[in-house]
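Single-structure report; data block below.
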Amino acid sequence: MIRWRKGEVTGIRREWPGAVELDVAMPEGHCRALAYPPLVGRPQPGDEVLLNTTALAMGLGTGGYAMVVAVPNRLPEDPDGPGHLVKARYTPLQATVLGADEQDSPFHEVLREADSLDGMPVVVADLHSALAPILCGLYQARPGVKVAYVMLDGGALPAWFSMSAARLRELDWLAGVVTVGQAFGGDVEAVTTHTGLLAARHVLGADLAIVTQGPGNLGTGTRWGFSGVSAGEAVNATAVLGGRAVAALRVSEGDLRERHVGVSHHSLTAYGRVAMAPAQVPVPELPGEFGERVRDQAELLAVRHDVVAVPIEGLVEALEAAPVKLSTMGRGLHEDLAYFLASAAAGRHAAALLGEERHHPQV
């Protein structure tokens, strides 16, 4: 189940908040490795490291690193301070964090009584790669909006894995990252999607939240065996808490798999079958036959949801000015422009909702 190796750190390639990318020499040769200093300490050149090379051997695109499990000859100091919320539970790297909703948290009283998002818009998407383009569409229309990212645990568990989230945080494009479920490493930790959304609103003071799984995802080529199905559950959580769900469509013109061309079957399943509460579904006004196909597919969701046409003028320029690299499933902006336009259209529509009077939808 795990491919174990020992190696020696030969160099530090780059680092960002919560993560360090390393060059490591193993018996088989050199490899690229990733360490999370909050978990294992900060490796230095010359250190022996214990590695999990499973993802590397499998050739995973997003997670194709050897992962540093320990620096056995230089263990980090014991942690101190409050925190009783255990994440990655009952794995060798289970970690104790301070949950915003637990009794020792300064926000416990707030979250104990919190029961509403006060009509806050919540943009839901199934892939992490939607985060930045949603923000591009949002900020083009309403700069200065305070946004929280609620990261689900369907992909990477450590928020530190996401270079784009770290960069967006540094630029104040995100007011904070909330990690929920088994995900950890955010500015705020929460137990469930529900408390994560409430923390986004009442702890971070967000005007709007974006919910996606972390980088990477699990798909099996089946209707139900995809981790992004949780997008439908996030729509339900948003409605229960009195938020306004905006369901971002996963659209592709560049995917070679027919089931993902136009509106992905995953969006149709998550929003058409899993989401029992109504959401607003922004549909980008794409040109030509492909745009017609997307509109026709999106209409299948009109049985339960409010399908809204969103113009795309100016969104390409907003996406080209993104402060982080845009990529989905290995394709860049102009290799699958429709994907990024659909996400940016969701951000543009959410911006329009911020200008409306807040209300509590009837659920």
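Residue names in the structure tokens use chain letters A, B, ... in the order shown, residue numbers from 1 in each chain, and ligand numbers from 1 in the order shown.
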
Checklist entry - Running DSSP on the backbone, which parts of stretch 201-277 of chain A land in strand (DSSP E or B), as a PyMOL selection string? => result chain A and resi 208-213+219+226+244-247+251-252+262-263

Under the rule of at most 9 Å, produce a per-residue listing of stretch 110-187 of chain A near stretch 236-249 of chain A: chain, number, name, the closest pair of atoms, and the distance in Å, as CSV, using only C-alpha atoms.
```
residue,atom,partner,partner_atom,distance
A:Asp115,CA,A:Leu241,CA,6.2
A:Ser116,CA,A:Leu241,CA,4.8
A:Leu117,CA,A:Gly243,CA,5.2
A:Asp118,CA,A:Gly242,CA,6.2
A:Gly119,CA,A:Gly243,CA,4.3
A:Met120,CA,A:Gly243,CA,4.9
A:Pro121,CA,A:Arg244,CA,4.5
A:Val122,CA,A:Ala245,CA,4.9
A:Val123,CA,A:Val246,CA,4.6
A:Val124,CA,A:Ala247,CA,5.1
A:Ala125,CA,A:Ala248,CA,5.1
A:Asp126,CA,A:Ala248,CA,8.1
A:Ala130,CA,A:Ala248,CA,8.4
A:Ile134,CA,A:Ala248,CA,8.5
```

Checklist entry - A:Ser264: which residues within 12 Å, counting only C-alpha atoms, same-chain residues fewer than 5 positions away excluded, as a ChimeraX atom specification? => result /A:125-127,221,223,226,228-229,248-259,269-272,293-294,297-298,338-339,342

Checklist entry - Please, what distance in Å, to one decimal, runs between atom CA of A:Thr54 and atom CA of A:Pro158? => result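 We find that atom CA of A:Thr54 and atom CA of A:Pro158 lie 17.1 Å from each other.
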
Compile a residue-level contact table for stretch 126-231 of chain A against stretch 9-25 of chain A at a cut-off of 9 Å, reporting for every qualifying residue the shortest atom pair and its distance in Å to one decimal, with only C-alpha atoms counted, rows ordered by chain and ascending number, as a Markdown table.
```
| residue | atom | partner | partner_atom | distance |
| --- | --- | --- | --- | --- |
| A:Pro158 | CA | A:Gly18 | CA | 8.8 |
| A:Ala159 | CA | A:Gly18 | CA | 8.3 |
| A:Trp160 | CA | A:Gly18 | CA | 4.9 |
| A:Phe161 | CA | A:Ala19 | CA | 6.7 |
| A:Met163 | CA | A:Trp16 | CA | 6.8 |
| A:Ala166 | CA | A:Pro17 | CA | 6.3 |
| A:Arg167 | CA | A:Trp16 | CA | 8.3 |
| A:Gly185 | CA | A:Gly18 | CA | 7.9 |
```

Item to check | From A:Leu268, A:Ala231, A:Val203, A:Ala345, residue lying nearest A:Glu285 [only C-alpha atoms] | outcome: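 Ranking A:Leu268, A:Ala231, A:Val203, A:Ala345 by distance to A:Glu285, first place goes to A:Ala345.
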